>>> print(open('structure00.cif').read())   # mmCIF, C-alpha atoms
data_final
loop_
_atom_site.group_PDB
_atom_site.id
_atom_site.type_symbol
_atom_site.label_atom_id
_atom_site.label_comp_id
_atom_site.auth_asym_id
_atom_site.auth_seq_id
_atom_site.Cartn_x
_atom_site.Cartn_y
_atom_site.Cartn_z
ATOM 1 C CA MET H 1 -81.316 161.425 138.515
ATOM 2 C CA SER H 2 -79.961 157.904 138.592
ATOM 3 C CA GLY H 3 -76.557 157.831 136.944
ATOM 4 C CA PRO H 4 -76.703 160.303 134.050
ATOM 5 C CA ALA H 5 -73.959 160.336 131.479
ATOM 6 C CA LYS H 6 -70.997 162.487 132.474
ATOM 7 C CA TYR H 7 -71.513 165.093 129.741
ATOM 8 C CA PHE H 8 -74.651 166.623 128.295
ATOM 9 C CA ARG H 9 -74.302 166.721 124.512
ATOM 10 C CA ARG H 10 -70.560 167.314 124.549
ATOM 11 C CA PHE H 11 -69.285 168.793 121.307
ATOM 12 C CA THR H 12 -67.109 166.430 119.303
ATOM 13 C CA PRO H 13 -65.396 167.664 116.147
ATOM 14 C CA GLU H 14 -65.671 165.830 112.847
ATOM 15 C CA ASN H 15 -61.893 165.955 112.353
ATOM 16 C CA PRO H 16 -60.125 165.278 115.694
ATOM 17 C CA ALA H 17 -56.994 163.863 114.047
ATOM 18 C CA GLU H 18 -56.618 167.004 111.953
ATOM 19 C CA ILE H 19 -57.018 169.182 115.055
ATOM 20 C CA ARG H 20 -54.370 167.164 116.910
ATOM 21 C CA GLU H 21 -52.013 167.605 113.928
ATOM 22 C CA GLU H 22 -52.582 171.379 114.057
ATOM 23 C CA ILE H 23 -51.765 171.381 117.779
ATOM 24 C CA GLU H 24 -48.512 169.532 117.117
ATOM 25 C CA ALA H 25 -47.625 171.929 114.307
ATOM 26 C CA ASP H 26 -48.311 174.878 116.637
ATOM 27 C CA ARG H 27 -46.075 173.614 119.480
ATOM 28 C CA PRO H 28 -42.819 174.933 117.965
ATOM 29 C CA ARG H 29 -44.577 178.169 116.982
ATOM 30 C CA LEU H 30 -45.703 178.653 120.580
ATOM 31 C CA SER H 31 -42.202 177.948 121.851
ATOM 32 C CA ALA H 32 -40.746 180.446 119.375
ATOM 33 C CA ALA H 33 -43.315 183.094 120.348
ATOM 34 C CA ARG H 34 -42.441 182.625 124.012
ATOM 35 C CA GLN H 35 -38.696 182.827 123.325
ATOM 36 C CA ALA H 36 -39.224 186.001 121.288
ATOM 37 C CA CYS H 37 -41.496 187.481 124.006
ATOM 38 C CA ASP H 38 -44.171 187.895 121.300
ATOM 39 C CA GLU H 39 -47.186 187.961 123.597
ATOM 40 C CA ARG H 40 -49.653 188.634 120.774
ATOM 41 C CA ALA H 41 -48.588 185.474 118.924
ATOM 42 C CA GLU H 42 -48.477 183.526 122.194
ATOM 43 C CA LEU H 43 -52.038 184.663 122.962
ATOM 44 C CA THR H 44 -53.367 183.591 119.563
ATOM 45 C CA LEU H 45 -51.599 180.228 119.669
ATOM 46 C CA SER H 46 -52.591 179.536 123.285
ATOM 47 C CA ILE H 47 -56.273 180.127 122.562
ATOM 48 C CA GLY H 48 -56.196 178.006 119.419
ATOM 49 C CA MET H 49 -54.264 175.160 121.000
ATOM 50 C CA GLY H 50 -56.347 175.293 124.182
ATOM 51 C CA PHE H 51 -59.544 175.027 122.156
ATOM 52 C CA GLY H 52 -58.083 172.208 120.069
ATOM 53 C CA HIS H 53 -57.078 170.280 123.161
ATOM 54 C CA TYR H 54 -60.411 170.387 124.943
ATOM 55 C CA VAL H 55 -62.519 169.562 121.900
ATOM 56 C CA THR H 56 -60.372 166.465 121.338
ATOM 57 C CA GLY H 57 -60.484 165.257 124.932
ATOM 58 C CA GLY H 58 -57.342 166.979 126.188
ATOM 59 C CA GLU H 59 -58.948 169.360 128.654
ATOM 60 C CA ALA H 60 -56.115 168.889 131.179
ATOM 61 C CA GLU H 61 -53.635 170.110 128.537
ATOM 62 C CA ALA H 62 -55.970 172.954 127.589
ATOM 63 C CA VAL H 63 -56.211 174.570 131.025
ATOM 64 C CA PRO H 64 -52.623 175.889 131.390
ATOM 65 C CA LEU H 65 -52.710 177.257 127.846
ATOM 66 C CA LEU H 66 -56.037 178.979 128.433
ATOM 67 C CA ASP H 67 -55.011 180.285 131.853
ATOM 68 C CA ARG H 68 -51.993 181.874 130.171
ATOM 69 C CA ALA H 69 -54.149 183.198 127.328
ATOM 70 C CA LEU H 70 -56.434 184.906 129.818
ATOM 71 C CA ILE H 71 -53.473 186.574 131.533
ATOM 72 C CA LEU H 72 -52.071 187.710 128.182
ATOM 73 C CA ALA H 73 -55.414 188.984 126.906
ATOM 74 C CA ARG H 74 -55.832 191.113 130.012
ATOM 75 C CA ARG H 75 -52.244 192.351 129.897
ATOM 76 C CA LEU H 76 -52.603 193.308 126.227
ATOM 77 C CA GLY H 77 -56.065 194.814 126.735
ATOM 78 C CA ASP H 78 -57.520 192.453 124.122
ATOM 79 C CA ARG H 79 -61.121 192.291 125.293
ATOM 80 C CA ARG H 80 -62.276 189.940 122.549
ATOM 81 C CA ALA H 81 -59.526 187.463 123.340
ATOM 82 C CA GLU H 82 -60.320 187.796 127.052
ATOM 83 C CA ILE H 83 -63.929 186.751 126.460
ATOM 84 C CA GLU H 84 -62.894 183.905 124.164
ATOM 85 C CA ALA H 85 -60.294 182.669 126.669
ATOM 86 C CA LEU H 86 -62.906 182.753 129.461
ATOM 87 C CA LEU H 87 -65.369 180.749 127.334
ATOM 88 C CA HIS H 88 -62.809 178.088 126.454
ATOM 89 C CA LEU H 89 -61.351 177.947 129.959
ATOM 90 C CA ALA H 90 -64.836 177.535 131.424
ATOM 91 C CA THR H 91 -65.592 174.688 129.043
ATOM 92 C CA ALA H 92 -62.267 172.959 129.732
ATOM 93 C CA ARG H 93 -62.938 173.220 133.483
ATOM 94 C CA GLN H 94 -66.440 171.851 132.929
ATOM 95 C CA TYR H 95 -65.015 168.845 131.082
ATOM 96 C CA LEU H 96 -62.614 168.286 133.985
ATOM 97 C CA GLY H 97 -65.654 168.054 136.272
ATOM 98 C CA GLU H 98 -64.953 171.435 137.891
ATOM 99 C CA ARG H 99 -68.457 172.677 137.154
ATOM 100 C CA GLU H 100 -68.749 175.302 139.915
ATOM 101 C CA LEU H 101 -65.546 176.950 138.706
ATOM 102 C CA ALA H 102 -66.795 176.610 135.135
ATOM 103 C CA GLN H 103 -70.016 178.420 136.046
ATOM 104 C CA THR H 104 -68.015 181.249 137.624
ATOM 105 C CA LEU H 105 -65.987 181.567 134.416
ATOM 106 C CA PHE H 106 -69.104 181.427 132.207
ATOM 107 C CA ARG H 107 -70.696 184.212 134.294
ATOM 108 C CA GLU H 108 -67.525 186.269 134.015
ATOM 109 C CA ALA H 109 -67.458 185.769 130.238
ATOM 110 C CA LEU H 110 -71.087 186.916 129.966
ATOM 111 C CA ASP H 111 -70.396 189.880 132.210
ATOM 112 C CA ARG H 112 -67.378 190.926 130.140
ATOM 113 C CA SER H 113 -69.408 190.525 126.933
ATOM 114 C CA GLN H 114 -71.965 192.977 128.236
ATOM 115 C CA VAL H 115 -69.525 195.432 129.854
ATOM 116 C CA TYR H 116 -67.306 195.534 126.763
ATOM 117 C CA ASP H 117 -70.301 195.385 124.395
ATOM 118 C CA ILE H 118 -68.699 192.499 122.518
ATOM 119 C CA ARG H 119 -71.578 190.110 121.912
ATOM 120 C CA ASP H 120 -70.097 187.714 119.327
ATOM 121 C CA PHE H 121 -69.482 184.940 121.863
ATOM 122 C CA GLU H 122 -72.638 185.365 123.934
ATOM 123 C CA HIS H 123 -74.642 182.607 122.242
ATOM 124 C CA PHE H 124 -71.717 180.183 122.637
ATOM 125 C CA ILE H 125 -71.275 181.098 126.293
ATOM 126 C CA LEU H 126 -74.981 180.633 127.033
ATOM 127 C CA HIS H 127 -75.139 177.327 125.158
ATOM 128 C CA HIS H 128 -72.084 175.937 126.949
ATOM 129 C CA GLN H 129 -73.307 177.255 130.291
ATOM 130 C CA GLY H 130 -76.642 175.530 129.675
ATOM 131 C CA ARG H 131 -74.864 172.229 129.112
ATOM 132 C CA CYS H 132 -72.942 172.710 132.348
ATOM 133 C CA HIS H 133 -76.180 173.430 134.232
ATOM 134 C CA ALA H 134 -77.696 170.236 132.786
ATOM 135 C CA GLU H 135 -74.691 168.239 133.996
ATOM 136 C CA GLN H 136 -75.221 169.741 137.436
ATOM 137 C CA GLY H 137 -78.863 168.652 137.397
ATOM 138 C CA GLU H 138 -80.018 172.283 137.224
ATOM 139 C CA ILE H 139 -82.559 171.758 134.461
ATOM 140 C CA ALA H 140 -84.482 175.029 134.886
ATOM 141 C CA ALA H 141 -81.243 177.034 134.699
ATOM 142 C CA ALA H 142 -80.145 174.975 131.681
ATOM 143 C CA ARG H 143 -83.453 175.619 129.939
ATOM 144 C CA LEU H 144 -83.103 179.370 130.606
ATOM 145 C CA CYS H 145 -79.566 179.471 129.160
ATOM 146 C CA PHE H 146 -80.548 177.453 126.102
ATOM 147 C CA GLY H 147 -83.594 179.672 125.570
ATOM 148 C CA ARG H 148 -81.447 182.809 125.638
ATOM 149 C CA ALA H 149 -78.871 181.175 123.355
ATOM 150 C CA LEU H 150 -81.583 180.118 120.912
ATOM 151 C CA THR H 151 -82.964 183.648 120.695
ATOM 152 C CA LEU H 152 -79.503 184.978 119.835
ATOM 153 C CA ARG H 153 -78.836 182.161 117.392
ATOM 154 C CA GLU H 154 -82.123 182.692 115.580
ATOM 155 C CA VAL H 155 -81.135 186.333 115.055
ATOM 156 C CA LEU H 156 -77.765 185.174 113.699
ATOM 157 C CA GLY H 157 -79.555 182.719 111.427
ATOM 158 C CA THR H 158 -76.873 179.999 111.433
ATOM 159 C CA PRO H 159 -78.796 176.717 111.015
ATOM 160 C CA ARG H 160 -76.259 174.422 112.726
ATOM 161 C CA PHE H 161 -76.198 176.620 115.844
ATOM 162 C CA ILE H 162 -79.985 176.904 115.917
ATOM 163 C CA ASP H 163 -80.359 173.135 115.470
ATOM 164 C CA SER H 164 -77.798 172.428 118.184
ATOM 165 C CA THR H 165 -79.602 174.571 120.753
ATOM 166 C CA ARG H 166 -83.034 173.266 119.784
ATOM 167 C CA GLY H 167 -81.648 169.749 120.139
ATOM 168 C CA ALA H 168 -80.282 170.590 123.582
ATOM 169 C CA LEU H 169 -83.633 171.985 124.699
ATOM 170 C CA GLY H 170 -85.373 168.863 123.406
ATOM 171 C CA ALA H 171 -82.921 166.567 125.176
ATOM 172 C CA LEU H 172 -83.320 168.150 128.612
ATOM 173 C CA ASP H 173 -86.447 166.174 129.554
ATOM 174 C CA ASP H 174 -84.762 162.850 128.749
ATOM 175 C CA TRP H 175 -81.637 163.936 130.604
ATOM 176 C CA GLN H 176 -83.648 164.915 133.679
ATOM 177 C CA SER H 177 -85.517 161.599 133.778
ATOM 178 C CA ARG H 178 -82.344 159.458 133.747
#
>>> encode(input="structure00.cif", output="structure tokens")
Amino acid sequence: MSGPAKYFRRFTPENPAEIREEIEADRPRLSAARQACDERAELTLSIGMGFGHYVTGGEAEAVPLLDRALILARRLGDRRAEIEALLHLATARQYLGERELAQTLFREALDRSQVYDIRDFEHFILHHQGRCHAEQGEIAAARLCFGRALTLREVLGTPRFIDSTRGALGALDDWQSR
């Protein structure tokens, strides 16, 4: 591969300014939740703000929020939030170029999904993990992840998710030949 782009089909929201405004509006709420020792509110806000940061290019700001969210989710026994925090933390780490760590976090998220039998995030995890594999030049592993994600997404029947994964599968050959 001679000089591929840094990211493989990185998600970019349609409304980044709106997301940044939401993050700013949530800052005082997060501070208040921390002062009140309201870990449930802190968890919810940390996940939301962490996600908002990394989808708008602020992955460095996302990581501490998502690290904290993961700690809180585990402390509170919130398995769903734990899986979601792992997914978002993995993606933020991927965007920071820490792809080996990201892969470890993606694997942990998939493992937790299966152990806890909470499968709602599985197609997202597999899709994001596939993108990370592509960025690492691991095309066969990327294709496998996207294939598994597509199967799950076809069962869900959400056209935008199906189209996104089909597009990723179709773009792998071009990515590999760069």
>>> resolve_selection(input="structure00.cif", expression="the PyMOL selection byres ((chain H and resi 152) around 12)", output="ChimeraX atom specification")
/H:119-127,145-151,153-158,161-162,165
>>> closest_residue(input="structure00.cif", among="H:Ala60, H:Val115, H:Leu43, H:Ala90", to="Leu72 (chain H)", atoms="all atoms listed in the file")
H:Leu43
>>> resolve_selection(input="structure00.cif", expression="the PyMOL selection byres ((chain H and resi 100) around 12)", output="PyMOL selection string")
chain H and resi 90-91+93-99+101-107+129+132-133+135-136+138
>>> write_last_selection(input="structure00.cif", atoms="C-alpha atoms", output="PDB file, in the coordinates of the input")
ATOM      1  CA  ALA H  90     -64.836 177.535 131.424  1.00  0.00           C
ATOM      2  CA  THR H  91     -65.592 174.688 129.043  1.00  0.00           C
ATOM      3  CA  ARG H  93     -62.938 173.220 133.483  1.00  0.00           C
ATOM      4  CA  GLN H  94     -66.440 171.851 132.929  1.00  0.00           C
ATOM      5  CA  TYR H  95     -65.015 168.845 131.082  1.00  0.00           C
ATOM      6  CA  LEU H  96     -62.614 168.286 133.985  1.00  0.00           C
ATOM      7  CA  GLY H  97     -65.654 168.054 136.272  1.00  0.00           C
ATOM      8  CA  GLU H  98     -64.953 171.435 137.891  1.00  0.00           C
ATOM      9  CA  ARG H  99     -68.457 172.677 137.154  1.00  0.00           C
ATOM     10  CA  LEU H 101     -65.546 176.950 138.706  1.00  0.00           C
ATOM     11  CA  ALA H 102     -66.795 176.610 135.135  1.00  0.00           C
ATOM     12  CA  GLN H 103     -70.016 178.420 136.046  1.00  0.00           C
ATOM     13  CA  THR H 104     -68.015 181.249 137.624  1.00  0.00           C
ATOM     14  CA  LEU H 105     -65.987 181.567 134.416  1.00  0.00           C
ATOM     15  CA  PHE H 106     -69.104 181.427 132.207  1.00  0.00           C
ATOM     16  CA  ARG H 107     -70.696 184.212 134.294  1.00  0.00           C
ATOM     17  CA  GLN H 129     -73.307 177.255 130.291  1.00  0.00           C
ATOM     18  CA  CYS H 132     -72.942 172.710 132.348  1.00  0.00           C
ATOM     19  CA  HIS H 133     -76.180 173.430 134.232  1.00  0.00           C
ATOM     20  CA  GLU H 135     -74.691 168.239 133.996  1.00  0.00           C
ATOM     21  CA  GLN H 136     -75.221 169.741 137.436  1.00  0.00           C
ATOM     22  CA  GLU H 138     -80.018 172.283 137.224  1.00  0.00           C
TER      23      GLU H 138
END
>>> resolve_selection(input="structure00.cif", expression="the PyMOL selection byres ((chain H and resi 76) around 12)", output="list in words")
Asp38, Glu39, Arg40, Ala41, Glu42, Leu43, Thr44, Ala69, Leu70, Ile71, Leu72, Ala73, Arg74, Arg75, Gly77, Asp78, Arg79, Arg80, Ala81 and Glu82 of chain H
>>> residues_near_point(input="structure00.cif", point="(-81.7, 170.0, 123.6)", cutoff="12 Å", atoms="only C-alpha atoms", output="JSON list (two decimals) with C-alpha atoms, in the coordinates of the input")
[["chain", "number", "residue", "atom", "x", "y", "z"],
["H", 8, "PHE", "CA", -74.65, 166.62, 128.29],
["H", 9, "ARG", "CA", -74.30, 166.72, 124.51],
["H", 10, "ARG", "CA", -70.56, 167.31, 124.55],
["H", 127, "HIS", "CA", -75.14, 177.33, 125.16],
["H", 128, "HIS", "CA", -72.08, 175.94, 126.95],
["H", 130, "GLY", "CA", -76.64, 175.53, 129.68],
["H", 131, "ARG", "CA", -74.86, 172.23, 129.11],
["H", 134, "ALA", "CA", -77.70, 170.24, 132.79],
["H", 139, "ILE", "CA", -82.56, 171.76, 134.46],
["H", 142, "ALA", "CA", -80.14, 174.98, 131.68],
["H", 143, "ARG", "CA", -83.45, 175.62, 129.94],
["H", 144, "LEU", "CA", -83.10, 179.37, 130.61],
["H", 145, "CYS", "CA", -79.57, 179.47, 129.16],
["H", 146, "PHE", "CA", -80.55, 177.45, 126.10],
["H", 147, "GLY", "CA", -83.59, 179.67, 125.57],
["H", 149, "ALA", "CA", -78.87, 181.18, 123.36],
["H", 150, "LEU", "CA", -81.58, 180.12, 120.91],
["H", 161, "PHE", "CA", -76.20, 176.62, 115.84],
["H", 162, "ILE", "CA", -79.98, 176.90, 115.92],
["H", 163, "ASP", "CA", -80.36, 173.14, 115.47],
["H", 164, "SER", "CA", -77.80, 172.43, 118.18],
["H", 165, "THR", "CA", -79.60, 174.57, 120.75],
["H", 166, "ARG", "CA", -83.03, 173.27, 119.78],
["H", 167, "GLY", "CA", -81.65, 169.75, 120.14],
["H", 168, "ALA", "CA", -80.28, 170.59, 123.58],
["H", 169, "LEU", "CA", -83.63, 171.98, 124.70],
["H", 170, "GLY", "CA", -85.37, 168.86, 123.41],
["H", 171, "ALA", "CA", -82.92, 166.57, 125.18],
["H", 172, "LEU", "CA", -83.32, 168.15, 128.61],
["H", 173, "ASP", "CA", -86.45, 166.17, 129.55],
["H", 174, "ASP", "CA", -84.76, 162.85, 128.75],
["H", 175, "TRP", "CA", -81.64, 163.94, 130.60],
["H", 176, "GLN", "CA", -83.65, 164.92, 133.68]]
>>> atom_distance(input="structure00.cif", atom1="CA of Pro13 (chain H)", atom2="CA of Gly137 (chain H)")
25.2 Å
>>> atom_distance(input="structure00.cif", atom1="CA of Ile19 (chain H)", atom2="CA of Thr56 (chain H)")
7.6 Å
>>> atom_distance(input="structure00.cif", atom1="CA of Ser46 (chain H)", atom2="CA of Leu30 (chain H)")
7.5 Å
>>> closest_residue(input="structure00.cif", among="H:Ala141, H:Leu110, H:Leu65, H:Ile118", to="Met49 (chain H)", atoms="all atoms listed in the file")
H:Leu65
>>> closest_residue(input="structure00.cif", among="H:Ala140, H:Ala32, H:Ala17, H:Leu89", to="Glu61 (chain H)", atoms="all atoms listed in the file")
H:Leu89
>>> closest_residue(input="structure00.cif", among="H:Ala92, H:Ala85, H:Ala33, H:Ala109", to="Ile47 (chain H)", atoms="all atoms listed in the file")
H:Ala85
>>> decode(input="structure00.cif", residues="region 113-137 of chain H", atoms="N, CA, C and O atoms", output="PDB file, in the first residue's frame")
ATOM      1  N   SER H 113     -20.511  -8.299  24.650  1.00  0.00           N
ATOM      2  CA  SER H 113     -21.821  -8.426  23.993  1.00  0.00           C
ATOM      3  C   SER H 113     -22.311  -9.867  24.053  1.00  0.00           C
ATOM      4  O   SER H 113     -23.485 -10.126  24.329  1.00  0.00           O
ATOM      5  N   GLN H 114     -21.399 -10.777  23.784  1.00  0.00           N
ATOM      6  CA  GLN H 114     -21.779 -12.195  23.783  1.00  0.00           C
ATOM      7  C   GLN H 114     -21.993 -12.721  25.199  1.00  0.00           C
ATOM      8  O   GLN H 114     -22.984 -13.394  25.475  1.00  0.00           O
ATOM      9  N   VAL H 115     -21.075 -12.412  26.108  1.00  0.00           N
ATOM     10  CA  VAL H 115     -21.179 -12.896  27.491  1.00  0.00           C
ATOM     11  C   VAL H 115     -22.449 -12.371  28.158  1.00  0.00           C
ATOM     12  O   VAL H 115     -23.154 -13.116  28.841  1.00  0.00           O
ATOM     13  N   TYR H 116     -22.737 -11.089  27.942  1.00  0.00           N
ATOM     14  CA  TYR H 116     -23.913 -10.479  28.569  1.00  0.00           C
ATOM     15  C   TYR H 116     -25.195 -10.712  27.765  1.00  0.00           C
ATOM     16  O   TYR H 116     -26.277 -10.355  28.210  1.00  0.00           O
ATOM     17  N   ASP H 117     -25.047 -11.260  26.571  1.00  0.00           N
ATOM     18  CA  ASP H 117     -26.173 -11.457  25.648  1.00  0.00           C
ATOM     19  C   ASP H 117     -26.904 -10.138  25.383  1.00  0.00           C
ATOM     20  O   ASP H 117     -28.132 -10.051  25.411  1.00  0.00           O
ATOM     21  N   ILE H 118     -26.103  -9.115  25.131  1.00  0.00           N
ATOM     22  CA  ILE H 118     -26.611  -7.796  24.735  1.00  0.00           C
ATOM     23  C   ILE H 118     -26.033  -7.550  23.342  1.00  0.00           C
ATOM     24  O   ILE H 118     -24.873  -7.211  23.192  1.00  0.00           O
ATOM     25  N   ARG H 119     -26.845  -7.748  22.332  1.00  0.00           N
ATOM     26  CA  ARG H 119     -26.341  -7.773  20.955  1.00  0.00           C
ATOM     27  C   ARG H 119     -26.615  -6.502  20.157  1.00  0.00           C
ATOM     28  O   ARG H 119     -26.272  -6.420  18.992  1.00  0.00           O
ATOM     29  N   ASP H 120     -27.217  -5.493  20.794  1.00  0.00           N
ATOM     30  CA  ASP H 120     -27.631  -4.281  20.084  1.00  0.00           C
ATOM     31  C   ASP H 120     -26.477  -3.549  19.408  1.00  0.00           C
ATOM     32  O   ASP H 120     -26.675  -2.895  18.384  1.00  0.00           O
ATOM     33  N   PHE H 121     -25.291  -3.621  19.987  1.00  0.00           N
ATOM     34  CA  PHE H 121     -24.152  -2.863  19.463  1.00  0.00           C
ATOM     35  C   PHE H 121     -23.252  -3.691  18.560  1.00  0.00           C
ATOM     36  O   PHE H 121     -22.317  -3.161  17.983  1.00  0.00           O
ATOM     37  N   GLU H 122     -23.526  -4.978  18.446  1.00  0.00           N
ATOM     38  CA  GLU H 122     -22.613  -5.885  17.751  1.00  0.00           C
ATOM     39  C   GLU H 122     -22.332  -5.454  16.306  1.00  0.00           C
ATOM     40  O   GLU H 122     -21.182  -5.470  15.872  1.00  0.00           O
ATOM     41  N   HIS H 123     -23.355  -5.065  15.577  1.00  0.00           N
ATOM     42  CA  HIS H 123     -23.133  -4.671  14.181  1.00  0.00           C
ATOM     43  C   HIS H 123     -22.285  -3.406  14.098  1.00  0.00           C
ATOM     44  O   HIS H 123     -21.456  -3.270  13.196  1.00  0.00           O
ATOM     45  N   PHE H 124     -22.461  -2.482  15.044  1.00  0.00           N
ATOM     46  CA  PHE H 124     -21.620  -1.279  15.069  1.00  0.00           C
ATOM     47  C   PHE H 124     -20.169  -1.647  15.380  1.00  0.00           C
ATOM     48  O   PHE H 124     -19.244  -1.159  14.742  1.00  0.00           O
ATOM     49  N   ILE H 125     -19.991  -2.500  16.383  1.00  0.00           N
ATOM     50  CA  ILE H 125     -18.641  -2.900  16.773  1.00  0.00           C
ATOM     51  C   ILE H 125     -17.931  -3.549  15.590  1.00  0.00           C
ATOM     52  O   ILE H 125     -16.790  -3.197  15.266  1.00  0.00           O
ATOM     53  N   LEU H 126     -18.592  -4.494  14.942  1.00  0.00           N
ATOM     54  CA  LEU H 126     -17.980  -5.196  13.808  1.00  0.00           C
ATOM     55  C   LEU H 126     -17.671  -4.245  12.656  1.00  0.00           C
ATOM     56  O   LEU H 126     -16.615  -4.351  12.028  1.00  0.00           O
ATOM     57  N   HIS H 127     -18.568  -3.326  12.379  1.00  0.00           N
ATOM     58  CA  HIS H 127     -18.341  -2.368  11.289  1.00  0.00           C
ATOM     59  C   HIS H 127     -17.129  -1.484  11.607  1.00  0.00           C
ATOM     60  O   HIS H 127     -16.242  -1.307  10.773  1.00  0.00           O
ATOM     61  N   HIS H 128     -17.094  -0.947  12.817  1.00  0.00           N
ATOM     62  CA  HIS H 128     -15.974  -0.091  13.208  1.00  0.00           C
ATOM     63  C   HIS H 128     -14.673  -0.882  13.256  1.00  0.00           C
ATOM     64  O   HIS H 128     -13.622  -0.391  12.834  1.00  0.00           O
ATOM     65  N   GLN H 129     -14.729  -2.099  13.752  1.00  0.00           N
ATOM     66  CA  GLN H 129     -13.538  -2.940  13.801  1.00  0.00           C
ATOM     67  C   GLN H 129     -13.047  -3.236  12.386  1.00  0.00           C
ATOM     68  O   GLN H 129     -11.834  -3.239  12.136  1.00  0.00           O
ATOM     69  N   GLY H 130     -13.955  -3.442  11.461  1.00  0.00           N
ATOM     70  CA  GLY H 130     -13.575  -3.660  10.065  1.00  0.00           C
ATOM     71  C   GLY H 130     -12.843  -2.459   9.492  1.00  0.00           C
ATOM     72  O   GLY H 130     -11.843  -2.607   8.788  1.00  0.00           O
ATOM     73  N   ARG H 131     -13.321  -1.270   9.802  1.00  0.00           N
ATOM     74  CA  ARG H 131     -12.636  -0.060   9.332  1.00  0.00           C
ATOM     75  C   ARG H 131     -11.230   0.027   9.913  1.00  0.00           C
ATOM     76  O   ARG H 131     -10.278   0.399   9.226  1.00  0.00           O
ATOM     77  N   CYS H 132     -11.097  -0.329  11.169  1.00  0.00           N
ATOM     78  CA  CYS H 132      -9.783  -0.295  11.822  1.00  0.00           C
ATOM     79  C   CYS H 132      -8.850  -1.308  11.154  1.00  0.00           C
ATOM     80  O   CYS H 132      -7.684  -0.995  10.869  1.00  0.00           O
ATOM     81  N   HIS H 133      -9.357  -2.505  10.889  1.00  0.00           N
ATOM     82  CA  HIS H 133      -8.539  -3.507  10.180  1.00  0.00           C
ATOM     83  C   HIS H 133      -8.087  -2.980   8.818  1.00  0.00           C
ATOM     84  O   HIS H 133      -6.931  -3.160   8.427  1.00  0.00           O
ATOM     85  N   ALA H 134      -8.993  -2.323   8.094  1.00  0.00           N
ATOM     86  CA  ALA H 134      -8.630  -1.769   6.780  1.00  0.00           C
ATOM     87  C   ALA H 134      -7.497  -0.761   6.928  1.00  0.00           C
ATOM     88  O   ALA H 134      -6.536  -0.772   6.147  1.00  0.00           O
ATOM     89  N   GLU H 135      -7.586   0.084   7.934  1.00  0.00           N
ATOM     90  CA  GLU H 135      -6.545   1.097   8.168  1.00  0.00           C
ATOM     91  C   GLU H 135      -5.212   0.460   8.539  1.00  0.00           C
ATOM     92  O   GLU H 135      -4.154   1.055   8.324  1.00  0.00           O
ATOM     93  N   GLN H 136      -5.274  -0.746   9.083  1.00  0.00           N
ATOM     94  CA  GLN H 136      -4.057  -1.472   9.427  1.00  0.00           C
ATOM     95  C   GLN H 136      -3.538  -2.304   8.259  1.00  0.00           C
ATOM     96  O   GLN H 136      -2.529  -2.993   8.393  1.00  0.00           O
ATOM     97  N   GLY H 137      -4.242  -2.254   7.132  1.00  0.00           N
ATOM     98  CA  GLY H 137      -3.846  -3.026   5.963  1.00  0.00           C
ATOM     99  C   GLY H 137      -4.243  -4.490   6.050  1.00  0.00           C
ATOM    100  O   GLY H 137      -3.792  -5.307   5.254  1.00  0.00           O
TER     101      GLY H 137
END
